[in-house]
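Here's structure07.txt, which has compact mmCIF, C-alpha atoms and all ligand atoms:
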```
# COMPACT_ATOMS: atom_id res chain seq x y z
CA MET A 157 135.00 102.00 79.11
CA SER A 158 134.45 101.09 82.79
CA LEU A 159 132.15 98.33 83.99
CA HIS A 160 128.46 99.03 83.45
CA PRO A 161 126.92 99.81 86.88
CA MET A 162 124.54 96.85 86.59
CA ARG A 163 127.61 94.61 86.32
CA GLY A 164 129.29 96.27 89.31
CA PRO A 165 130.29 94.67 92.60
CA ASN A 166 127.31 95.44 94.88
CA ARG A 167 125.32 92.30 95.70
CA PHE A 168 122.04 94.18 95.93
CA LYS A 169 121.63 96.97 93.42
CA LEU A 170 119.46 100.04 93.71
CA GLY A 171 117.58 102.14 91.20
CA VAL A 172 115.21 105.08 91.17
CA PHE A 173 112.00 104.43 89.21
CA SER A 174 109.55 106.87 87.59
CA ALA A 175 111.12 110.21 88.48
CA ASN A 176 110.34 111.28 84.89
CA ALA A 177 106.58 111.37 85.53
CA ASP A 178 104.39 113.52 87.73
CA GLY A 179 103.36 111.77 90.92
CA GLY A 180 106.23 109.30 90.45
CA LEU A 181 104.51 105.96 91.06
CA THR A 182 101.77 107.38 93.31
CA LEU A 183 98.14 108.25 92.68
CA THR A 184 97.76 110.85 95.41
CA LYS A 185 96.60 114.45 95.76
CA VAL A 186 99.05 115.61 98.44
CA PRO A 187 100.55 119.01 97.54
CA GLU A 188 104.11 117.69 97.84
CA ARG A 189 103.50 114.99 95.17
CA TRP A 190 106.39 114.77 92.70
CA PRO A 191 106.09 117.55 90.08
CA ALA A 192 108.72 116.03 87.75
CA THR A 193 110.16 119.34 86.66
CA PHE A 194 113.32 118.75 84.67
CA SER A 195 115.59 120.76 86.95
CA GLU A 196 114.47 118.76 89.99
CA ILE A 197 114.87 115.48 88.11
CA VAL A 198 118.47 116.49 87.36
CA GLU A 199 119.04 117.16 91.08
CA VAL A 200 117.66 113.73 91.97
CA ALA A 201 119.67 111.94 89.28
CA GLN A 202 122.83 113.62 90.55
CA MET A 203 121.96 112.78 94.15
CA ALA A 204 121.41 109.11 93.27
CA ASP A 205 124.61 109.09 91.22
CA ARG A 206 126.69 110.49 94.08
CA ALA A 207 125.14 108.01 96.52
CA GLY A 208 126.14 105.08 94.30
CA PHE A 209 122.70 104.00 93.07
CA GLU A 210 123.28 101.75 90.07
CA PHE A 211 120.43 102.90 87.84
CA PHE A 212 117.89 105.57 86.96
CA LEU A 213 114.83 104.04 85.35
CA PRO A 214 111.99 106.04 83.78
CA ILE A 215 108.42 104.88 83.33
CA ALA A 216 107.03 104.85 79.77
CA ARG A 217 103.68 106.66 79.71
CA TRP A 218 101.80 108.52 77.02
CA LYS A 219 98.56 109.29 78.82
CA GLY A 220 97.53 110.17 82.36
CA PHE A 221 95.30 108.11 84.63
CA GLY A 222 92.45 110.63 84.98
CA GLY A 223 90.91 111.46 88.35
CA GLU A 224 91.69 114.85 89.85
CA MET A 225 95.41 114.91 89.15
CA ASN A 226 95.61 112.99 85.86
CA SER A 227 98.92 111.60 87.16
CA ARG A 228 101.57 110.59 84.60
CA GLU A 229 100.07 112.75 81.84
CA TRP A 230 103.17 114.88 82.43
CA SER A 231 106.00 112.50 81.66
CA PHE A 232 109.25 112.81 79.76
CA GLU A 233 110.09 110.63 76.76
CA THR A 234 112.74 108.18 77.82
CA PHE A 235 115.45 108.16 75.10
CA THR A 236 115.80 111.92 74.98
CA TYR A 237 115.57 111.95 78.78
CA ALA A 238 118.45 109.47 79.17
CA ALA A 239 120.56 111.36 76.64
CA ALA A 240 120.00 114.62 78.50
CA LEU A 241 120.89 113.06 81.86
CA SER A 242 124.08 111.59 80.37
CA GLY A 243 125.68 114.99 80.37
CA VAL A 244 124.92 115.79 84.01
CA THR A 245 125.71 112.44 85.69
CA LYS A 246 128.91 110.41 85.96
CA ASN A 247 128.44 106.76 86.87
CA ILE A 248 124.77 105.83 87.14
CA ALA A 249 123.16 103.70 84.39
CA LEU A 250 120.55 105.58 82.39
CA PHE A 251 117.72 103.38 81.22
CA SER A 252 115.17 104.08 78.53
CA THR A 253 111.82 102.34 78.92
CA VAL A 254 110.56 101.61 75.45
CA HIS A 255 107.15 100.47 74.19
CA VAL A 256 107.56 97.80 71.54
CA PRO A 257 104.34 98.63 69.62
CA MET A 258 104.82 102.42 69.65
CA VAL A 259 108.54 102.71 68.86
CA HIS A 260 109.89 101.24 65.64
CA PRO A 261 112.92 98.98 66.22
CA VAL A 262 115.08 100.74 63.63
CA TYR A 263 114.49 104.01 65.46
CA ALA A 264 114.97 102.38 68.88
CA ALA A 265 118.30 100.84 67.82
CA LYS A 266 119.65 104.23 66.79
CA ALA A 267 118.30 106.11 69.80
CA LEU A 268 119.68 103.54 72.25
CA ALA A 269 123.10 103.59 70.58
CA THR A 270 123.04 107.38 70.82
CA VAL A 271 122.40 107.26 74.57
CA ASP A 272 125.13 104.66 74.99
CA HIS A 273 127.69 106.87 73.23
CA ALA A 274 126.52 110.04 74.98
CA SER A 275 126.80 108.38 78.39
CA GLY A 276 130.10 106.57 77.83
CA GLY A 277 128.47 103.12 77.89
CA ARG A 278 125.89 103.65 80.65
CA ALA A 279 122.71 103.12 78.62
CA GLY A 280 120.11 100.52 79.51
CA LEU A 281 117.03 99.27 77.68
CA ASN A 282 113.83 98.40 79.55
CA ILE A 283 111.45 96.69 77.13
CA VAL A 284 107.72 97.11 77.77
CA CYS A 285 105.11 95.56 75.53
CA GLY A 286 102.30 97.88 76.66
CA TRP A 287 98.91 97.37 78.29
CA SER A 288 96.95 100.64 78.22
CA PRO A 289 94.29 100.67 75.45
CA GLU A 290 94.07 104.46 75.59
CA GLU A 291 97.75 104.72 74.73
CA PHE A 292 97.36 102.30 71.83
CA ASP A 293 94.39 104.37 70.59
CA MET A 294 96.53 107.52 70.62
CA PHE A 295 98.88 105.83 68.15
CA GLY A 296 96.07 104.32 66.09
CA LEU A 297 97.26 100.85 67.09
CA LYS A 298 95.40 97.71 68.15
CA MET A 299 96.73 95.59 70.97
CA VAL A 300 97.98 92.31 69.49
CA ASP A 301 97.09 88.94 71.03
CA ASP A 302 100.66 87.86 71.48
CA ARG A 303 102.56 90.97 72.54
CA TYR A 304 105.71 88.99 73.23
CA ALA A 305 105.86 87.49 69.72
CA GLN A 306 106.06 91.06 68.46
CA GLY A 307 108.58 91.82 71.19
CA LEU A 308 110.85 89.02 70.02
CA GLU A 309 110.83 90.28 66.43
CA TRP A 310 111.48 93.82 67.66
CA PHE A 311 114.39 92.67 69.79
CA GLU A 312 115.86 90.52 67.03
CA ILE A 313 115.85 93.47 64.62
CA ILE A 314 117.70 95.67 67.11
CA SER A 315 120.21 92.93 67.87
CA ARG A 316 120.86 92.31 64.18
CA ILE A 317 121.33 96.01 63.44
CA TYR A 318 124.09 96.04 66.05
CA SER A 319 125.73 92.78 64.99
CA SER A 320 125.31 92.52 61.21
CA ALA A 321 128.26 93.44 59.07
CA GLU A 322 125.93 93.68 56.07
CA PRO A 323 122.44 95.18 55.62
CA PHE A 324 119.69 92.57 56.03
CA ASP A 325 116.04 92.01 55.10
CA PHE A 326 113.58 91.01 57.81
CA ASP A 327 110.43 89.12 56.94
CA GLY A 328 108.42 88.55 60.11
CA LYS A 329 104.78 88.51 61.15
CA PHE A 330 104.93 92.05 62.56
CA TYR A 331 107.78 93.63 60.58
CA GLN A 332 108.72 93.31 56.93
CA LEU A 333 111.84 95.42 56.42
CA LYS A 334 114.30 95.82 53.57
CA ASN A 335 118.03 96.45 53.56
CA VAL A 336 118.25 97.31 57.25
CA SER A 337 121.45 98.73 58.71
CA GLY A 338 122.54 101.26 61.34
CA ARG A 339 125.78 102.65 62.71
CA PRO A 340 127.20 103.25 65.20
CA ALA A 341 126.66 100.13 67.24
CA PRO A 342 126.46 100.92 70.95
CA LEU A 343 129.63 100.94 73.04
CA GLN A 344 128.29 98.00 75.08
CA ALA A 345 128.54 94.73 73.16
CA PRO A 346 126.53 92.97 72.02
CA ARG A 347 123.99 95.60 73.24
CA PRO A 348 123.18 97.71 76.30
CA VAL A 349 122.05 95.94 79.48
CA THR A 350 118.43 94.93 78.91
CA LEU A 351 115.46 94.55 81.28
CA ASN A 352 111.99 93.33 80.42
CA ALA A 353 109.18 94.65 82.61
CA ALA A 354 106.51 91.95 82.97
CA PHE A 355 104.87 89.53 85.35
CA SER A 356 103.01 86.90 83.30
CA PRO A 357 104.47 83.52 82.27
CA PRO A 358 104.73 84.65 78.60
CA GLY A 359 106.52 87.78 79.84
CA ARG A 360 108.94 85.64 81.81
CA ASP A 361 109.57 83.46 78.74
CA PHE A 362 110.29 86.58 76.73
CA ALA A 363 112.77 87.76 79.37
CA ALA A 364 114.35 84.31 79.37
CA LYS A 365 115.03 84.69 75.64
CA ALA A 366 115.78 88.39 75.26
CA ALA A 367 116.65 90.16 78.50
CA ASP A 368 119.45 90.17 81.02
CA TYR A 369 116.95 90.76 83.82
CA LEU A 370 113.23 90.49 84.40
CA PHE A 371 111.85 93.61 86.09
CA THR A 372 108.81 92.46 88.01
CA THR A 373 106.43 92.96 90.93
CA PHE A 374 105.80 90.69 93.91
CA THR A 375 103.23 90.61 96.70
CA ASP A 376 105.38 89.26 99.51
CA ILE A 377 108.99 88.32 99.76
CA GLU A 378 108.35 84.57 99.99
CA ALA A 379 106.24 84.67 96.82
CA GLY A 380 109.10 86.53 95.20
CA ARG A 381 111.39 83.61 95.96
CA GLY A 382 109.10 81.35 93.91
CA GLN A 383 109.02 83.81 91.02
CA ILE A 384 112.81 83.90 90.92
CA ALA A 385 113.00 80.10 90.82
CA ASP A 386 110.43 80.11 88.01
CA ILE A 387 112.28 82.63 85.84
CA SER A 388 115.58 80.83 86.45
CA ALA A 389 114.04 77.58 85.26
CA ARG A 390 112.66 79.28 82.14
CA ALA A 391 116.04 80.90 81.43
CA ALA A 392 117.90 77.62 81.98
CA LYS A 393 115.81 76.11 79.16
CA THR A 394 117.22 78.74 76.81
CA GLY A 395 120.74 78.24 78.17
CA ARG A 396 120.78 81.75 79.61
CA ASP A 397 121.14 83.29 83.03
CA VAL A 398 118.46 85.90 83.75
CA GLY A 399 118.37 87.81 87.04
CA VAL A 400 115.35 89.46 88.64
CA TYR A 401 114.94 93.06 89.67
CA THR A 402 111.90 94.31 91.46
CA THR A 403 110.26 97.56 92.43
CA CYS A 404 109.05 99.08 95.71
CA HIS A 405 107.43 102.26 96.92
CA MET A 406 108.83 103.62 100.12
CA VAL A 407 108.08 105.78 103.14
CA CYS A 408 111.16 105.96 105.36
CA ARG A 409 110.81 107.95 108.59
CA PRO A 410 112.55 107.98 112.00
CA THR A 411 109.84 105.77 113.53
CA GLN A 412 107.53 103.07 112.25
CA ALA A 413 104.51 105.04 113.48
CA GLU A 414 105.48 108.19 111.58
CA ALA A 415 106.06 106.21 108.39
CA GLU A 416 102.73 104.41 108.65
CA ALA A 417 100.87 107.63 109.42
CA TYR A 418 102.29 109.32 106.32
CA TYR A 419 101.52 106.24 104.18
CA GLU A 420 97.91 106.33 105.38
CA TYR A 421 97.75 110.08 104.70
CA TYR A 422 99.01 110.09 101.13
CA ALA A 423 97.74 106.71 99.93
CA VAL A 424 94.35 106.53 101.68
CA GLN A 425 93.14 109.91 102.97
CA GLN A 426 94.55 111.86 100.02
CA GLN A 427 94.18 109.08 97.45
CA ASP A 428 93.13 110.22 93.97
CA THR A 429 90.32 107.68 94.08
CA ALA A 430 88.95 108.01 90.55
CA SER A 431 92.40 107.55 89.06
CA VAL A 432 93.02 104.48 91.24
CA ASP A 433 89.72 102.98 89.99
CA HIS A 434 90.69 103.74 86.42
CA TYR A 435 94.24 102.43 86.75
CA MET A 436 93.33 99.23 88.54
CA SER A 437 90.51 98.25 86.21
CA ALA A 438 92.49 98.98 83.03
CA LYS A 439 95.56 97.18 84.33
CA GLU A 440 93.59 94.15 85.45
CA ALA A 441 91.75 93.89 82.14
CA ASN A 442 94.81 94.26 79.94
CA SER A 443 97.79 92.81 81.75
CA THR A 444 98.77 90.20 84.25
CA SER A 445 101.41 92.39 85.84
CA HIS A 446 100.27 91.45 89.33
CA ASP A 447 98.95 88.46 91.21
CA PRO A 448 95.13 88.45 90.80
CA GLU A 449 94.76 88.65 94.58
CA ALA A 450 96.80 91.87 94.60
CA TYR A 451 93.87 93.76 93.07
CA ARG A 452 91.51 92.59 95.79
CA LEU A 453 93.80 93.06 98.73
CA TYR A 454 95.98 96.00 98.04
CA ARG A 455 94.20 99.11 96.81
CA LYS A 456 96.48 101.12 99.08
CA ARG A 457 99.49 99.74 97.26
CA PHE A 458 98.09 100.91 93.94
CA ALA A 459 97.56 104.44 95.27
CA GLY A 460 100.87 104.32 97.12
CA GLY A 461 102.99 103.02 94.25
CA ALA A 462 101.24 101.39 91.28
CA GLY A 463 100.80 98.06 93.04
CA THR A 464 104.46 97.63 93.91
CA TYR A 465 105.68 96.32 97.27
CA PRO A 466 105.56 98.83 100.17
CA LEU A 467 108.67 99.58 102.18
CA VAL A 468 107.16 101.55 105.02
CA GLY A 469 108.92 102.15 108.29
CA SER A 470 112.05 103.14 110.10
CA PRO A 471 115.48 102.88 108.47
CA ASN A 472 116.09 99.62 110.34
CA HIS A 473 112.84 98.10 109.13
CA ILE A 474 113.51 99.11 105.55
CA ALA A 475 117.07 97.77 105.64
CA ASP A 476 115.74 94.48 107.06
CA GLU A 477 113.24 94.18 104.24
CA LEU A 478 115.90 94.86 101.60
CA ILE A 479 118.19 92.29 103.23
CA LYS A 480 115.35 89.72 103.05
CA MET A 481 114.79 90.57 99.40
CA ALA A 482 118.48 90.03 98.67
CA ALA A 483 118.35 86.70 100.55
CA ALA A 484 115.32 85.68 98.47
CA GLY A 485 117.46 86.14 95.37
CA PHE A 486 116.48 89.53 93.95
CA ALA A 487 119.41 91.22 92.20
CA GLY A 488 118.11 94.57 93.40
CA THR A 489 115.15 96.88 93.53
CA THR A 490 114.03 100.29 92.47
CA VAL A 491 112.59 102.67 95.05
CA SER A 492 110.00 105.36 94.46
CA VAL A 493 108.77 107.92 96.99
CA VAL A 494 106.18 110.69 97.07
CA ASN A 495 108.81 113.37 96.54
CA PHE A 496 112.21 112.15 95.37
CA LYS A 497 114.07 115.34 96.14
CA ASN A 498 112.76 115.64 99.70
CA GLU A 499 112.81 111.99 100.72
CA LEU A 500 115.80 110.29 99.08
CA PRO A 501 118.39 112.10 101.24
CA TYR A 502 117.04 110.43 104.40
CA PHE A 503 117.19 106.97 102.78
CA ILE A 504 120.71 107.65 101.57
CA GLU A 505 121.84 108.86 104.97
CA LYS A 506 120.16 106.25 107.16
CA VAL A 507 119.51 103.08 105.16
CA LEU A 508 122.48 102.81 102.80
CA PRO A 509 125.00 102.47 105.69
CA LEU A 510 122.91 99.58 107.07
CA LEU A 511 123.15 97.82 103.70
CA VAL A 512 126.91 98.35 103.74
CA GLU A 513 127.05 96.84 107.25
CA ALA A 514 125.03 93.87 106.01
CA GLY A 515 127.58 93.29 103.23
CA LEU A 516 125.12 94.02 100.43
CA ARG A 517 126.76 97.19 99.19
CA GLU A 518 130.12 98.90 99.27
CA ALA A 519 130.50 102.27 100.99
CA VAL A 520 130.64 105.15 98.52
C1 LIG B 601 107.70 96.29 87.19
C2 LIG B 601 106.93 96.64 85.95
C3 LIG B 601 107.14 97.87 85.34
C4 LIG B 601 106.41 98.22 84.20
N1 LIG B 601 106.62 99.43 83.61
C5 LIG B 601 105.85 99.80 82.54
C6 LIG B 601 105.96 101.08 81.94
O1 LIG B 601 106.81 101.88 82.31
N2 LIG B 601 105.11 101.39 80.93
C7 LIG B 601 104.17 100.50 80.45
O2 LIG B 601 103.41 100.82 79.56
N3 LIG B 601 104.08 99.26 80.98
C8 LIG B 601 104.87 98.90 82.01
N4 LIG B 601 104.74 97.67 82.54
C9 LIG B 601 103.76 96.73 81.92
C10 LIG B 601 104.44 95.66 81.08
O3 LIG B 601 105.31 96.15 80.16
C11 LIG B 601 103.45 94.75 80.39
O4 LIG B 601 102.85 95.38 79.31
C12 LIG B 601 102.38 94.34 81.29
O5 LIG B 601 102.99 93.91 82.47
C13 LIG B 601 101.54 93.25 80.67
O6 LIG B 601 102.30 92.16 80.44
P1 LIG B 601 102.31 90.92 81.42
O7 LIG B 601 100.89 90.52 81.53
O8 LIG B 601 103.16 89.93 80.71
O9 LIG B 601 102.90 91.36 82.71
C14 LIG B 601 105.46 97.30 83.67
C15 LIG B 601 105.28 96.06 84.28
C16 LIG B 601 106.00 95.72 85.41
C17 LIG B 601 105.78 94.36 86.01
```
Mind turning the file's structure into structure tokens?
Ligand SMILES: Cc1cc2nc3c(=O)[nH]c(=O)nc-3n(C[C@H](O)[C@H](O)[C@H](O)COP(=O)(O)O)c2cc1C
Amino acid sequence: MSLHPMRGPNRFKLGVFSANADGGLTLTKVPERWPATFSEIVEVAQMADRAGFEFFLPIARWKGFGGEMNSREWSFETFTYAAALSGVTKNIALFSTVHVPMVHPVYAAKALATVDHASGGRAGLNIVCGWSPEEFDMFGLKMVDDRYAQGLEWFEIISRIYSSAEPFDFDGKFYQLKNVSGRPAPLQAPRPVTLNAAFSPPGRDFAAKAADYLFTTFTDIEAGRGQIADISARAAKTGRDVGVYTTCHMVCRPTQAEAEAYYEYYAVQQQDTASVDHYMSAKEANSTSHDPEAYRLYRKRFAGGAGTYPLVGSPNHIADELIKMAAAGFAGTTVSVVNFKNELPYFIEKVLPLLVEAGLREAV
């Protein structure tokens, strides 16, 4: 088995986020918004794979965000998605984003091992503890006070299924299980590369204990530097080394003015306003995935890319921003655009060579 892409040589790694869901990360009405048809997703996964992107990361969504488009209602389930993409890609890591409360750990352990075998050791696990009450209602579940305590039990069960020679009983607060076992173990030992998507201090502590990387948002690159120091300190207390990945939405055009004009068009003029209201209020009430000030200052960022950091500009500007993010200590970022199939080729052609020049990535 070759090295998992997330353990590969590039100093600053790149992923594609949320291609499995309609609209991608946007809440916009523009006609070219991402339709997330499976055949186009396959084309994008293959394009990213050929260009040397390290990972393909789906969003986990069960319900849309209302408004005119009801964005994300159309989204593909992430284990079956990763397994299907295994057969049509060669090198890229295929993550599954998995909701702790909705997906039983015994099932998750088996599904993740399946993806790891199907992909020749390219699976990844992105743990999400959930925040949308409407999604919990669909499953007849109540949100628990301490989502990360449940997350730790969930993660321990999966880890023990992979490592235990003998069946085991588990007697926790959230799970009481008898005679648990499961084979095969994944190809990756002790388990597939694991991210935890969170922002809050308890989320960071969970990542420090259970994940290889925190997957998190930031408002500006300097603030990101502080977040990285904070997670490193939390990880050091557990004797572990935990890196930080982040996530950006992007408009890359030949000139700064063209990029900004398109950003204004899709994220302001053509914003799906009711869905942005719905998304922002539910997210603020039920998570701390963003700095509190982000909700006040950055409505455009929520329409443009779910509150992630905007990379908007010419190829040079975007490369400069990515270089600053690498210097701040991020291990890498995901990028999301309005239409992955139409827009990624320009990024691949114009920005990736600048990152190679800067010594952040090897030429493909
Ligand atoms: C970068 C990032 C990506 C996330 N992706 C998802 C997702 O795909 N599905 C989901 O339900 N929650 C997602 N979340 C939400 C988290 O899993 C978590 O439930 C939420 O952030 C609340 O926890 P926190 O307050 O500790 O951040 C994401 C959060 C972040 C920061």
Nearest to ligand LIG 601 (chain B) by atom-to-atom distance, counting only C-alpha atoms and all ligand atoms, from A:Ala265, A:Ile317, A:Ala345, A:Ala441: A:Ala441
Separation of CA of Tyr419 (chain A) from atom O6 of ligand LIG 601 (chain B), in Å and rounded to one decimal: 27.6 Å
Nearest to ligand LIG 601 (chain B), chosen from A:Gln202, A:Ser443, A:Thr490, A:Asn498, with all atoms listed in the file counted in the distances: A:Ser443
Near-ligand residues for ligand LIG 601 (chain B), threshold 7 Å, only C-alpha atoms and all ligand atoms, as a list in words: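 So, counting only C-alpha atoms and all ligand atoms, the residues near ligand LIG 601 (chain B) are Pro214, Ile215, Ala216, Arg217, Thr253, His255, Ile283, Val284, Cys285, Gly286, Trp287, Ser288, Ala353, Ala354, Phe355, Ser356, Pro357, Pro358, Gly359, Phe371, Thr372, Thr373, Thr402, Thr403, Asn442, Ser443, Thr444 and Ser445 of chain A.
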Å distance separating CA of Glu188 (chain A) from CA of Ile504 (chain A), one decimal place: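 Atom-to-atom, CA of Glu188 (chain A) and CA of Ile504 (chain A) are spaced 19.8 Å apart.
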Nearby residues (only C-alpha atoms) at most 8 Å from Leu511 (chain A), same-chain spacing under 5 positions excluded, as JSON, numbers by chain: {"A": [475, 479, 516, 517]}
Selected residue, from A:Pro261, A:Gly460, A:Gly296, A:Pro348, that lies nearest to Phe311 (chain A) when counting all atoms listed in the file: A:Pro261
Contact residues around Pro187 (chain A) with only C-alpha atoms at 12 Å, ignoring same-chain residues under 2 positions, as number ranges by chain: A: 178-179, 184-185, 189-191, 225, 421-422, 426-427, 494-495
Exercise: Pro509 (chain A) partners within 12 Å, all atoms listed in the file, chain neighbours under 3 positions left out, as a list of chain:residue names: A:Ala207, A:Gly208, A:Pro471, A:Asn472, A:Ile474, A:Ala475, A:Tyr502, A:Phe503, A:Ile504, A:Glu505, A:Lys506, A:Val512, A:Glu513, A:Ala514, A:Gly515, A:Leu516, A:Arg517, A:Glu518, A:Ala519, A:Val520
Minimum-distance residue to Glu440 (chain A), chosen among A:Phe458, A:Phe194, A:Phe496, A:Phe232 (using all atoms listed in the file):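 When distances to Glu440 (chain A) are compared using all atoms listed in the file, the smallest one comes from A:Phe458.
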Of the listed residues A:Asn352, A:Ala264, A:Ala484, A:Ala413, that which approaches Tyr318 (chain A) most closely, counting all atoms listed in the file: A:Ala264
CA of Asp205 (chain A) to CA of Pro161 (chain A), distance in Å rounded to a single decimal: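 Between CA of Asp205 (chain A) and CA of Pro161 (chain A) the gap is 10.5 Å.
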Shortest interatomic distance to Asn247 (chain A) - which of A:Ala367, A:Val262, A:Leu159, A:Ile313, counting all atoms listed in the file: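 Going through A:Ala367, A:Val262, A:Leu159, A:Ile313 one by one, the smallest distance to Asn247 (chain A) is for A:Leu159.
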Just add all heavy atoms to region 406-413 of chain A and send it as a PDB file, keeping the file's coordinate frame.
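Heads up, here's the output in result_8.pdb:
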```pdb
ATOM      1  N   MET A 406     108.190 103.541  98.810  1.00  0.00           N
ATOM      2  CA  MET A 406     108.830 103.620 100.120  1.00  0.00           C
ATOM      3  C   MET A 406     108.404 104.871 100.893  1.00  0.00           C
ATOM      4  O   MET A 406     108.273 105.956 100.335  1.00  0.00           O
ATOM      5  CB  MET A 406     110.341 103.668  99.891  1.00  0.00           C
ATOM      6  CG  MET A 406     111.153 103.751 101.164  1.00  0.00           C
ATOM      7  SD  MET A 406     112.898 103.553 100.801  1.00  0.00           S
ATOM      8  CE  MET A 406     113.255 105.142 100.092  1.00  0.00           C
ATOM      9  N   VAL A 407     108.183 104.664 102.200  1.00  0.00           N
ATOM     10  CA  VAL A 407     108.080 105.780 103.140  1.00  0.00           C
ATOM     11  C   VAL A 407     109.051 105.468 104.266  1.00  0.00           C
ATOM     12  O   VAL A 407     108.835 104.530 105.038  1.00  0.00           O
ATOM     13  CB  VAL A 407     106.662 105.929 103.743  1.00  0.00           C
ATOM     14  CG1 VAL A 407     106.618 107.168 104.641  1.00  0.00           C
ATOM     15  CG2 VAL A 407     105.597 106.006 102.666  1.00  0.00           C
ATOM     16  N   CYS A 408     110.126 106.205 104.344  1.00  0.00           N
ATOM     17  CA  CYS A 408     111.160 105.960 105.360  1.00  0.00           C
ATOM     18  C   CYS A 408     111.171 107.154 106.309  1.00  0.00           C
ATOM     19  O   CYS A 408     111.396 108.288 105.882  1.00  0.00           O
ATOM     20  CB  CYS A 408     112.508 105.792 104.668  1.00  0.00           C
ATOM     21  SG  CYS A 408     113.847 105.394 105.797  1.00  0.00           S
ATOM     22  N   ARG A 409     110.892 106.883 107.586  1.00  0.00           N
ATOM     23  CA  ARG A 409     110.810 107.950 108.590  1.00  0.00           C
ATOM     24  C   ARG A 409     111.511 107.476 109.860  1.00  0.00           C
ATOM     25  O   ARG A 409     111.724 106.272 110.036  1.00  0.00           O
ATOM     26  CB  ARG A 409     109.341 108.275 108.906  1.00  0.00           C
ATOM     27  CG  ARG A 409     108.529 108.841 107.741  1.00  0.00           C
ATOM     28  CD  ARG A 409     108.977 110.242 107.354  1.00  0.00           C
ATOM     29  NE  ARG A 409     108.120 110.847 106.337  1.00  0.00           N
ATOM     30  CZ  ARG A 409     108.251 110.681 105.014  1.00  0.00           C
ATOM     31  NH1 ARG A 409     109.206 109.924 104.525  1.00  0.00           N
ATOM     32  NH2 ARG A 409     107.433 111.297 104.180  1.00  0.00           N
ATOM     33  N   PRO A 410     111.818 108.401 110.790  1.00  0.00           N
ATOM     34  CA  PRO A 410     112.550 107.980 112.000  1.00  0.00           C
ATOM     35  C   PRO A 410     111.852 106.855 112.761  1.00  0.00           C
ATOM     36  O   PRO A 410     112.517 105.981 113.316  1.00  0.00           O
ATOM     37  CB  PRO A 410     112.607 109.268 112.832  1.00  0.00           C
ATOM     38  CG  PRO A 410     112.537 110.378 111.813  1.00  0.00           C
ATOM     39  CD  PRO A 410     111.652 109.858 110.714  1.00  0.00           C
ATOM     40  N   THR A 411     110.528 106.854 112.813  1.00  0.00           N
ATOM     41  CA  THR A 411     109.840 105.770 113.530  1.00  0.00           C
ATOM     42  C   THR A 411     108.845 105.086 112.611  1.00  0.00           C
ATOM     43  O   THR A 411     108.346 105.685 111.645  1.00  0.00           O
ATOM     44  CB  THR A 411     109.053 106.298 114.753  1.00  0.00           C
ATOM     45  OG1 THR A 411     108.000 107.131 114.256  1.00  0.00           O
ATOM     46  CG2 THR A 411     109.936 107.091 115.705  1.00  0.00           C
ATOM     47  N   GLN A 412     108.515 103.845 112.992  1.00  0.00           N
ATOM     48  CA  GLN A 412     107.530 103.070 112.250  1.00  0.00           C
ATOM     49  C   GLN A 412     106.186 103.806 112.220  1.00  0.00           C
ATOM     50  O   GLN A 412     105.512 103.875 111.193  1.00  0.00           O
ATOM     51  CB  GLN A 412     107.383 101.697 112.953  1.00  0.00           C
ATOM     52  CG  GLN A 412     106.663 100.646 112.155  1.00  0.00           C
ATOM     53  CD  GLN A 412     107.463 100.182 110.942  1.00  0.00           C
ATOM     54  OE1 GLN A 412     108.688 100.164 110.949  1.00  0.00           O
ATOM     55  NE2 GLN A 412     106.765  99.847 109.871  1.00  0.00           N
ATOM     56  N   ALA A 413     105.816 104.379 113.379  1.00  0.00           N
ATOM     57  CA  ALA A 413     104.510 105.040 113.480  1.00  0.00           C
ATOM     58  C   ALA A 413     104.434 106.239 112.540  1.00  0.00           C
ATOM     59  O   ALA A 413     103.419 106.447 111.855  1.00  0.00           O
ATOM     60  CB  ALA A 413     104.260 105.475 114.921  1.00  0.00           C
TER      61      ALA A 413
END
```
